[in-house]
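> query38.txt is reproduced in full below (compact mmCIF, C-alpha atoms).
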```
# COMPACT_ATOMS: atom_id res chain seq x y z
CA MET U 6 -97.46 114.70 45.97
CA LYS U 7 -94.84 116.97 47.35
CA LEU U 8 -91.28 116.93 46.06
CA LYS U 9 -89.99 115.93 49.48
CA ASN U 10 -92.19 112.87 49.46
CA ILE U 11 -90.89 111.84 46.11
CA ILE U 12 -87.21 112.11 46.91
CA SER U 13 -87.61 110.43 50.28
CA ASN U 14 -89.57 107.62 48.68
CA GLU U 15 -88.27 104.30 49.94
CA TYR U 16 -88.10 102.69 46.51
CA LEU U 17 -86.09 105.57 45.15
CA LEU U 18 -83.71 105.10 48.06
CA LEU U 19 -83.53 101.42 47.31
CA MET U 20 -82.63 102.15 43.70
CA ALA U 21 -79.89 104.51 44.83
CA ARG U 22 -78.52 101.77 47.09
CA ILE U 23 -78.60 99.24 44.26
CA ALA U 24 -76.80 101.64 41.93
CA LEU U 25 -74.07 102.70 44.34
CA GLY U 26 -73.67 99.27 45.90
CA GLY U 27 -73.69 97.57 42.51
CA VAL U 28 -70.91 99.72 41.11
CA PHE U 29 -68.68 98.96 44.08
CA ILE U 30 -69.50 95.24 44.12
CA PHE U 31 -68.48 95.05 40.49
CA ALA U 32 -65.37 97.17 41.01
CA GLY U 33 -64.31 95.15 44.05
CA MET U 34 -64.75 91.81 42.31
CA GLN U 35 -62.80 92.91 39.26
CA LYS U 36 -59.90 94.00 41.42
CA ILE U 37 -59.97 90.89 43.59
CA SER U 38 -59.66 88.74 40.48
CA ASP U 39 -56.41 90.44 39.47
CA PRO U 40 -54.57 91.74 42.53
CA SER U 41 -51.25 92.18 40.82
CA GLY U 42 -52.78 94.16 37.97
CA PHE U 43 -54.45 96.41 40.50
CA ALA U 44 -51.15 96.86 42.35
CA LYS U 45 -49.59 98.01 39.08
CA ALA U 46 -52.49 100.42 38.54
CA ILE U 47 -51.90 101.91 42.00
CA TYR U 48 -48.20 102.20 41.24
CA ASP U 49 -48.96 104.12 38.06
CA TYR U 50 -50.45 106.96 40.05
CA ARG U 51 -46.93 107.50 41.40
CA ILE U 52 -48.13 108.84 44.71
CA PHE U 53 -47.84 105.91 47.07
CA PRO U 54 -44.60 104.50 48.45
CA GLU U 55 -43.89 101.05 47.02
CA ALA U 56 -43.93 99.47 50.46
CA ILE U 57 -47.66 99.94 50.94
CA ILE U 58 -48.93 99.36 47.40
CA ASN U 59 -49.49 95.62 47.71
CA PHE U 60 -51.20 96.03 51.05
CA PHE U 61 -53.72 98.40 49.49
CA ALA U 62 -54.13 96.19 46.44
CA VAL U 63 -54.99 93.25 48.68
CA THR U 64 -57.36 94.95 51.11
CA LEU U 65 -59.08 97.85 49.35
CA PRO U 66 -61.11 95.73 46.88
CA TRP U 67 -62.58 93.79 49.78
CA LEU U 68 -63.71 96.97 51.49
CA GLU U 69 -65.43 97.94 48.23
CA LEU U 70 -67.08 94.54 47.91
CA VAL U 71 -68.17 94.20 51.54
CA SER U 72 -69.46 97.74 51.81
CA GLY U 73 -71.23 97.46 48.47
CA LEU U 74 -72.94 94.23 49.47
CA LEU U 75 -74.00 95.54 52.90
CA LEU U 76 -75.38 98.67 51.28
CA LEU U 77 -77.27 96.64 48.72
CA PHE U 78 -78.84 94.46 51.40
CA GLY U 79 -79.66 97.45 53.57
CA ILE U 80 -77.39 96.57 56.47
CA LEU U 81 -75.86 99.57 58.27
CA VAL U 82 -76.85 101.67 55.28
CA ARG U 83 -75.62 105.04 56.51
CA GLU U 84 -72.27 103.66 57.62
CA ASN U 85 -71.62 101.89 54.37
CA ALA U 86 -72.70 104.82 52.26
CA ALA U 87 -70.27 106.92 54.30
CA ILE U 88 -67.44 104.45 53.65
CA LEU U 89 -68.11 104.37 49.92
CA ASN U 90 -68.31 108.14 49.82
CA SER U 91 -64.97 108.42 51.58
CA LEU U 92 -63.49 106.11 48.97
CA LEU U 93 -65.07 108.16 46.17
CA PHE U 94 -63.65 111.31 47.71
CA LEU U 95 -60.21 109.71 47.77
CA PHE U 96 -60.57 108.56 44.13
CA ILE U 97 -61.65 112.01 42.99
CA ILE U 98 -58.58 113.55 44.60
CA LEU U 99 -56.25 110.92 43.11
CA VAL U 100 -57.68 111.28 39.62
CA ALA U 101 -57.55 115.08 39.87
CA ILE U 102 -53.91 114.94 40.96
CA SER U 103 -52.99 112.65 38.11
CA ILE U 104 -54.75 114.93 35.62
CA ALA U 105 -52.94 117.94 37.06
CA ARG U 106 -49.62 116.13 36.69
CA GLY U 107 -50.45 115.23 33.13
CA LEU U 108 -50.40 111.47 33.71
CA ASN U 109 -52.37 109.56 31.14
CA ILE U 110 -52.80 106.30 33.02
CA GLU U 111 -55.25 103.48 33.40
CA CYS U 112 -57.50 104.50 36.24
CA GLY U 113 -57.69 101.02 37.74
CA CYS U 114 -61.26 101.84 38.70
CA PHE U 115 -62.60 98.45 37.70
CA GLY U 116 -59.40 96.50 37.89
CA THR U 117 -57.46 96.07 34.70
CA SER U 118 -60.08 94.32 32.59
CA SER U 119 -61.28 97.67 31.36
CA VAL U 120 -58.96 100.18 29.79
CA LEU U 121 -60.60 103.24 31.29
CA ARG U 122 -58.23 106.12 31.68
CA THR U 123 -58.11 108.89 34.18
CA GLY U 124 -59.75 112.10 33.05
CA TRP U 125 -62.39 114.61 33.99
CA GLN U 126 -65.06 112.13 33.03
CA LYS U 127 -63.94 109.95 35.93
CA VAL U 128 -64.16 112.88 38.31
CA LEU U 129 -67.70 113.55 37.13
CA GLU U 130 -68.75 109.92 37.45
CA ASN U 131 -67.30 109.68 40.93
CA SER U 132 -68.98 112.92 41.92
CA ALA U 133 -72.32 111.64 40.67
CA LEU U 134 -71.90 108.47 42.71
CA ALA U 135 -70.93 110.53 45.75
CA LEU U 136 -74.15 112.53 45.36
CA LEU U 137 -76.06 109.25 45.46
CA GLY U 138 -74.16 108.44 48.63
CA PHE U 139 -75.07 111.72 50.30
CA TYR U 140 -78.66 111.23 49.24
CA ILE U 141 -78.71 107.80 50.89
CA ILE U 142 -77.07 109.04 54.08
CA TYR U 143 -79.47 111.95 54.35
CA PHE U 144 -82.76 110.27 53.57
CA GLU U 145 -82.19 106.77 54.87
CA LYS U 146 -85.15 105.86 57.05
CA GLY U 147 -84.52 102.24 57.74
CA SER U 148 -87.01 100.61 55.42
CA LEU U 149 -86.56 97.90 52.79
CA LYS U 150 -83.67 96.13 54.38
CA LEU U 151 -82.65 92.68 55.48
CA GLU U 152 -81.57 93.78 58.93
CA MET K 24 -80.98 112.67 60.19
CA ALA K 25 -78.87 110.33 62.26
CA LYS K 26 -75.14 110.49 61.65
CA PRO K 27 -73.20 107.41 60.59
CA ASP K 28 -71.84 105.58 63.60
CA PHE K 29 -68.08 105.82 63.41
CA LYS K 30 -67.56 102.71 65.51
CA LYS K 31 -69.55 100.63 63.08
CA VAL K 32 -67.63 102.12 60.18
CA LEU K 33 -64.43 101.03 61.85
CA ILE K 34 -65.76 97.51 62.34
CA ILE K 35 -66.70 97.20 58.66
CA VAL K 36 -63.30 98.50 57.57
CA CYS K 37 -61.42 96.13 59.89
CA ALA K 38 -63.55 93.16 58.85
CA SER K 39 -62.88 93.88 55.15
CA LEU K 40 -59.20 94.26 55.85
CA LEU K 41 -59.10 90.88 57.56
CA LEU K 42 -61.06 89.29 54.74
CA GLY K 43 -58.62 90.71 52.20
CA LEU K 44 -55.58 89.49 54.13
CA THR K 45 -57.10 86.05 54.61
CA TYR K 46 -58.04 85.74 50.96
CA ASN K 47 -54.59 86.84 49.90
CA TYR K 48 -53.01 84.32 52.23
CA PHE K 49 -54.77 81.40 50.57
CA SER K 50 -54.96 82.76 47.04
CA PRO K 51 -52.78 81.20 44.33
CA GLU K 52 -52.23 84.74 43.06
CA ALA K 53 -51.15 85.99 46.48
CA LEU K 54 -49.06 89.14 46.60
CA PRO K 55 -46.30 89.68 49.14
CA LEU K 56 -47.87 92.25 51.45
CA PHE K 57 -45.05 94.76 51.55
CA GLY K 58 -42.93 93.76 48.61
CA PHE K 59 -44.20 95.60 45.58
CA SER K 60 -41.59 95.76 42.86
CA ILE K 61 -42.07 97.33 39.47
CA LYS K 62 -39.28 95.09 38.08
CA LYS K 63 -41.64 92.18 37.82
CA TYR K 64 -44.24 94.08 35.81
CA VAL K 65 -41.90 95.63 33.31
CA SER K 66 -40.06 92.36 32.68
CA ASP K 67 -43.29 90.35 32.41
CA GLU K 68 -44.58 92.85 29.91
CA LEU K 69 -41.44 92.59 27.80
CA LEU K 70 -41.53 88.80 27.94
CA ARG K 71 -45.14 88.80 26.82
CA SER K 72 -44.83 91.45 24.17
CA GLU K 73 -42.59 89.53 21.82
CA GLY K 74 -41.09 86.47 23.37
CA SER K 75 -44.35 84.58 23.47
CA MET K 76 -42.98 82.04 21.01
CA LEU K 77 -39.95 81.43 23.17
CA PRO K 78 -39.99 79.24 26.24
CA GLU K 79 -39.77 81.48 29.25
CA ALA K 80 -36.30 80.28 30.14
CA GLU K 81 -34.84 81.42 26.82
CA PRO K 82 -33.00 84.76 27.03
CA ARG K 83 -34.66 87.46 25.00
CA HIS K 84 -32.89 90.18 23.07
CA ILE K 85 -34.01 93.69 23.87
CA SER K 86 -33.66 97.03 22.19
CA LEU K 87 -32.05 100.13 23.64
CA LYS K 88 -35.47 101.52 24.50
CA GLU K 89 -36.51 98.35 26.28
CA ALA K 90 -33.22 98.31 28.14
CA LEU K 91 -33.91 101.81 29.39
CA ARG K 92 -37.33 100.77 30.67
CA LEU K 93 -35.82 97.87 32.59
CA TYR K 94 -33.12 100.18 33.91
CA GLU K 95 -35.75 102.61 35.16
CA ALA K 96 -37.54 99.74 36.87
CA HIS K 97 -34.30 99.02 38.78
CA VAL K 98 -33.69 95.71 37.08
CA THR K 99 -30.18 94.34 37.65
CA PHE K 100 -27.78 94.84 34.72
CA ILE K 101 -24.81 92.53 34.47
CA ASP K 102 -21.73 93.64 32.58
CA ALA K 103 -19.98 90.65 30.98
CA ARG K 104 -16.78 92.50 30.06
CA GLU K 105 -13.45 92.39 31.85
CA GLU K 106 -12.99 94.45 34.98
CA PRO K 107 -10.85 97.25 33.46
CA ASP K 108 -13.51 97.87 30.79
CA PHE K 109 -16.17 97.89 33.46
CA GLN K 110 -14.24 100.36 35.57
CA ALA K 111 -13.71 102.66 32.64
CA GLY K 112 -17.46 103.11 32.34
CA HIS K 113 -20.62 101.01 32.60
CA ILE K 114 -24.39 101.25 32.66
CA GLY K 115 -25.44 102.84 35.94
CA HIS K 116 -25.95 100.42 38.85
CA ALA K 117 -24.65 97.51 36.77
CA ILE K 118 -22.67 94.73 38.43
CA ASN K 119 -19.67 93.12 36.82
CA ILE K 120 -19.40 89.40 36.09
CA PRO K 121 -16.69 88.96 33.43
CA TYR K 122 -17.78 85.95 31.41
CA ASP K 123 -14.25 84.62 31.14
CA ARG K 124 -13.95 84.57 34.90
CA PHE K 125 -17.47 83.44 35.61
CA ASN K 126 -16.56 80.97 38.34
CA LYS K 127 -14.65 83.56 40.29
CA TYR K 128 -17.39 86.14 40.15
CA GLN K 129 -20.54 84.06 40.39
CA GLU K 130 -20.71 84.54 44.16
CA ILE K 131 -22.51 87.81 43.43
CA LEU K 132 -25.39 85.88 41.88
CA LYS K 133 -26.34 84.42 45.24
CA SER K 134 -27.99 87.71 46.09
CA ILE K 135 -30.22 87.58 43.01
CA PRO K 136 -33.24 85.26 43.16
CA LYS K 137 -33.79 83.08 40.09
CA ASP K 138 -37.15 84.58 39.21
CA GLU K 139 -35.80 88.12 39.20
CA PRO K 140 -35.19 89.71 35.82
CA VAL K 141 -31.58 90.35 34.83
CA VAL K 142 -30.08 92.04 31.81
CA SER K 143 -26.79 90.86 30.38
CA TYR K 144 -24.71 93.17 28.21
CA CYS K 145 -21.17 93.77 27.02
CA GLY K 146 -19.37 96.18 24.72
CA GLY K 147 -21.74 96.18 21.80
CA SER K 148 -22.25 94.56 18.44
CA ASP K 149 -18.67 93.33 18.19
CA CYS K 150 -18.97 91.40 21.41
CA GLU K 151 -20.66 88.08 22.11
CA LEU K 152 -20.04 87.90 25.84
CA SER K 153 -23.51 89.18 26.64
CA ILE K 154 -25.10 86.28 24.75
CA MET K 155 -22.86 83.70 26.34
CA LEU K 156 -23.42 85.11 29.80
CA GLY K 157 -27.17 85.30 29.16
CA ASN K 158 -27.30 81.66 28.10
CA LYS K 159 -25.22 80.67 31.10
CA LEU K 160 -27.59 82.46 33.46
CA ALA K 161 -30.58 80.84 31.79
CA SER K 162 -29.01 77.42 32.17
CA MET K 163 -28.50 78.16 35.86
CA GLY K 164 -32.25 78.61 36.22
CA TYR K 165 -32.74 82.32 35.75
CA ASN K 166 -36.02 82.53 33.86
CA LYS K 167 -36.18 86.21 33.00
CA VAL K 168 -32.89 86.85 31.28
CA PHE K 169 -32.64 89.70 28.82
CA ILE K 170 -29.73 90.30 26.50
CA PHE K 171 -29.03 93.88 25.62
CA PHE K 172 -26.90 93.32 22.55
CA GLY K 173 -26.48 97.01 21.80
CA GLY K 174 -24.52 97.03 25.02
CA TRP K 175 -22.29 99.69 26.43
CA ASN K 176 -21.67 101.46 23.13
CA ALA K 177 -25.34 102.01 22.34
CA TRP K 178 -26.03 103.02 25.93
CA ALA K 179 -23.20 105.53 26.10
CA ASP K 180 -24.08 106.94 22.65
CA ALA K 181 -27.61 107.57 23.85
CA LYS K 182 -26.17 109.37 26.89
CA TYR K 183 -28.17 107.28 29.32
CA PRO K 184 -27.12 107.11 32.98
CA ILE K 185 -23.70 105.60 33.50
CA GLY K 186 -21.47 104.67 36.37
CA LYS K 187 -17.72 104.70 36.73
```
Starting from the file, give its structure as structure tokens.

Amino acid sequence: MKLKNIISNEYLLLMARIALGGVFIFAGMQKISDPSGFAKAIYDYRIFPEAIINFFAVTLPWLELVSGLLLLFGILVRENAAILNSLLFLFIILVAISIARGLNIECGCFGTSSVLRTGWQKVLENSALALLGFYIIYFEKGSLKLE
Amino acid sequence: MAKPDFKKVLIIVCASLLLGLTYNYFSPEALPLFGFSIKKYVSDELLRSEGSMLPEAEPRHISLKEALRLYEAHVTFIDAREEPDFQAGHIGHAINIPYDRFNKYQEILKSIPKDEPVVSYCGGSDCELSIMLGNKLASMGYNKVFIFFGGWNAWADAKYPIGK
């Protein structure tokens, strides 16, 4: 069996979708359950103007949840993987900026129930997830889905 | 490889946005969409950290360090001393409501909602006006009243921001 056949295997793709989608479903739900805690977490990055913080805190978790679910169920797979990757890209930049500025803050990644802090580990985790995303976008063939 | 369809991406994003707004509208934990204020978080934290035995309406005494945190979160400070003292020097951004002339000055309070945190202070340890003003505010329905008993003296000694 050639390597290409293995990595474009539909079950492997499905597992990638479950992993990436699952992480975002969990993250979205955690944030939705505590919007004001998430707003505080956004504030702690000290990048965003106060006027838009609540708006993000209210809407962003739903994008994570919806996109994660659609990806999991195989609906518009490429589009949703692209959305999640854009979010990951944004998170990587934000975490990197906060590291560079020496902020030791809660990352807010999974709401406030966890006390994860920003750090290079977060950048690595996000990068790994983004790789999964690129893999899905590239090899998605349209099998194993509900559509 | 087919590229992601940008139009579909936009639809997903807009749908999620609408869902979020709708959920927030009906949620008991709804946030005001454009009204983030760090005041609320800092004061809630202080109320939780120690005052858990107190009913929420009871004013809570805070240390110099806690006062500074509230100051940095733009919480309103109320100076209970007489006007000349206030004019000679006060905590930055503080407003003046001399306790002995409360009725005359209480107009100012109309601009402060009852669930907003406020800090009452006066000269320092030889002065009880801050406690009396704090209790008065609490009895008026303010439910996040803090009393900074160290007051002006402690603040000025620490060389924190002042106004004149």
> Would you write out, as CSV, a table of all residues in range 58-168 of chain K that have an atom no more than 8 Å from an atom of range 46-59 of chain U, listing for each the closest atom pair and the distance in Å to one decimal, considering only C-alpha atoms and ordering rows by chain and rising residue number?

```
residue,atom,partner,partner_atom,distance
K:Gly58,CA,U:Ala56,CA,6.1
K:Phe59,CA,U:Glu55,CA,5.6
K:Ser60,CA,U:Glu55,CA,7.1
```
> Determine the nearest neighbour of Gln35 in chain U from the options U:Tyr140, U:Trp125, U:Phe78, U:Trp67, counting only C-alpha atoms.
U:Trp67
> Figure out the distance between CA of Glu130 in chain U and CA of Ser13 in chain U, please, to one decimal in Å.
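Atom-to-atom, CA of Ser13 in chain U and CA of Glu130 in chain U are spaced 22.8 Å apart.
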> Pick the closest to chain K from U:Leu129, U:Leu92, U:Ala32, U:Ile11: which is it, counting only C-alpha atoms?
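Answer, going by the shortest atom-to-atom distance: U:Leu92.
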> If the cut-off is 9 Å, can you tell me the residues of chain U near chain K, counting all atoms listed in the file? I'd like them as a PyMOL selection string.
chain U and resi 37-42+44-45+48+55-72+81-88+142-146
> Would you mind telling me which residue in K:His116, K:Arg83, K:Lys137, K:Lys187 lies nearest to Tyr165 in chain K when using only C-alpha atoms?
K:Lys137
> Rounded to one decimal, what separation in Å do you get between CA of Lys133 in chain K and CA of Lys88 in chain K?
28.4 Å
> Can you check which parts of range 118-167 of chain K lie within 9 Å of range 105-108 of chain K? Per residue, the shortest pair of atoms and distance in Å to one decimal, counting all atoms listed in the file, sorted by chain and number, as JSON lines.

```
{"residue": "K:Asn119", "atom": "CA", "partner": "K:Glu106", "partner_atom": "CA", "distance": 7.1}
{"residue": "K:Ile120", "atom": "CA", "partner": "K:Glu105", "partner_atom": "CA", "distance": 7.9}
{"residue": "K:Pro121", "atom": "CA", "partner": "K:Glu105", "partner_atom": "CA", "distance": 5.0}
{"residue": "K:Tyr122", "atom": "CA", "partner": "K:Glu105", "partner_atom": "CA", "distance": 7.8}
{"residue": "K:Asp123", "atom": "CA", "partner": "K:Glu105", "partner_atom": "CA", "distance": 7.8}
{"residue": "K:Arg124", "atom": "CA", "partner": "K:Glu105", "partner_atom": "CA", "distance": 8.4}
{"residue": "K:Gly146", "atom": "CA", "partner": "K:Asp108", "partner_atom": "CA", "distance": 8.6}
```
> Taking the point (-23.7, 104.5, 27.5) as given in the file, collect each protein or nucleic acid residue that comes within 12 Å of it, counting only C-alpha atoms, and present the set as a list of chain:residue names.
K:Leu87, K:Ala90, K:Leu91, K:Phe109, K:Ala111, K:Gly112, K:His113, K:Ile114, K:Gly115, K:Ala117, K:Tyr144, K:Cys145, K:Gly146, K:Gly147, K:Gly173, K:Gly174, K:Trp175, K:Asn176, K:Ala177, K:Trp178, K:Ala179, K:Asp180, K:Ala181, K:Lys182, K:Tyr183, K:Pro184, K:Ile185, K:Gly186, K:Lys187
> Please, what distance in Å, to one decimal, runs between CA of Phe169 in chain K and CA of Val142 in chain K?
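The value is 4.6 Å.
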> Could you check which of K:Glu89, K:Glu139, K:Asp102, K:Asp67 is closest to Ser153 in chain K, using all atoms listed in the file?
K:Asp102
> Using all atoms listed in the file, pick whichever of U:Leu134, U:Met34, U:Val28, U:Ile12 has the shortest atom-to-atom distance to Ser91 in chain U.
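The shortest atom-to-atom distance to Ser91 in chain U comes from U:Leu134.
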> Excluding Ile23 in chain U and residues on its chain fewer than 3 positions from it, collect all residues at most 12 Å away from it, counting only C-alpha atoms, and give them as a list in words.
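So, after excluding close chain neighbours, the residues are Tyr16, Leu17, Leu18, Leu19, Met20, Gly26, Gly27, Val28, Phe29, Ile30, Phe31, Ser72, Gly73, Leu74, Leu75, Leu76, Leu77, Phe78, Gly79, Val82, Ala86, Leu134, Leu137, Gly138, Ile141, Leu149 and Lys150 of chain U.
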> When you count only C-alpha atoms, which of these residues is closest to Leu93 in chain U: U:Cys114, U:Ala21, U:Lys36, U:Val120?
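Among the listed residues, U:Cys114 lies closest to Leu93 in chain U.
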> Range 82-128 of chain K from the block above, C-alpha atoms, as a short mmCIF file (atom, residue, chain, number, x, y, z; two decimals), in the first residue's frame, please?

```cif
data_model
loop_
_atom_site.label_atom_id
_atom_site.label_comp_id
_atom_site.auth_asym_id
_atom_site.auth_seq_id
_atom_site.Cartn_x
_atom_site.Cartn_y
_atom_site.Cartn_z
CA PRO K 82 -19.96 47.40 52.58
CA ARG K 83 -16.63 45.65 52.59
CA HIS K 84 -13.38 47.09 53.84
CA ILE K 85 -10.53 46.96 51.38
CA SER K 86 -6.80 47.30 51.62
CA LEU K 87 -4.63 49.84 49.84
CA LYS K 88 -3.69 47.24 47.25
CA GLU K 89 -7.30 46.34 46.58
CA ALA K 90 -8.17 50.01 46.33
CA LEU K 91 -5.53 50.43 43.66
CA ARG K 92 -6.97 47.54 41.66
CA LEU K 93 -10.43 49.08 41.77
CA TYR K 94 -8.94 52.44 40.82
CA GLU K 95 -7.24 50.88 37.81
CA ALA K 96 -10.54 49.32 36.79
CA HIS K 97 -12.05 52.83 36.74
CA VAL K 98 -14.33 52.22 39.68
CA THR K 99 -15.86 55.40 41.11
CA PHE K 100 -14.20 56.68 44.29
CA ILE K 101 -16.23 58.91 46.56
CA ASP K 102 -14.46 61.29 48.91
CA ALA K 103 -16.51 61.81 52.08
CA ARG K 104 -14.49 64.76 53.39
CA GLU K 105 -15.40 68.43 53.24
CA GLU K 106 -14.88 70.31 50.01
CA PRO K 107 -11.73 72.26 51.03
CA ASP K 108 -9.99 68.99 51.98
CA PHE K 109 -11.07 67.47 48.71
CA GLN K 110 -9.77 70.42 46.74
CA ALA K 111 -6.44 70.30 48.50
CA GLY K 112 -5.85 66.82 47.12
CA HIS K 113 -7.81 63.63 46.48
CA ILE K 114 -7.57 60.23 44.87
CA GLY K 115 -7.51 60.68 41.10
CA HIS K 116 -10.93 60.79 39.40
CA ALA K 117 -12.70 60.75 42.77
CA ILE K 118 -15.95 62.65 43.24
CA ASN K 119 -16.77 64.57 46.37
CA ILE K 120 -19.82 63.90 48.53
CA PRO K 121 -19.13 65.39 51.98
CA TYR K 122 -20.97 63.15 54.41
CA ASP K 123 -22.12 66.06 56.53
CA ARG K 124 -23.76 67.64 53.52
CA PHE K 125 -25.04 64.45 51.99
CA ASN K 126 -28.45 65.79 51.02
CA LYS K 127 -26.97 68.68 49.14
CA TYR K 128 -24.53 66.57 47.18
#
```
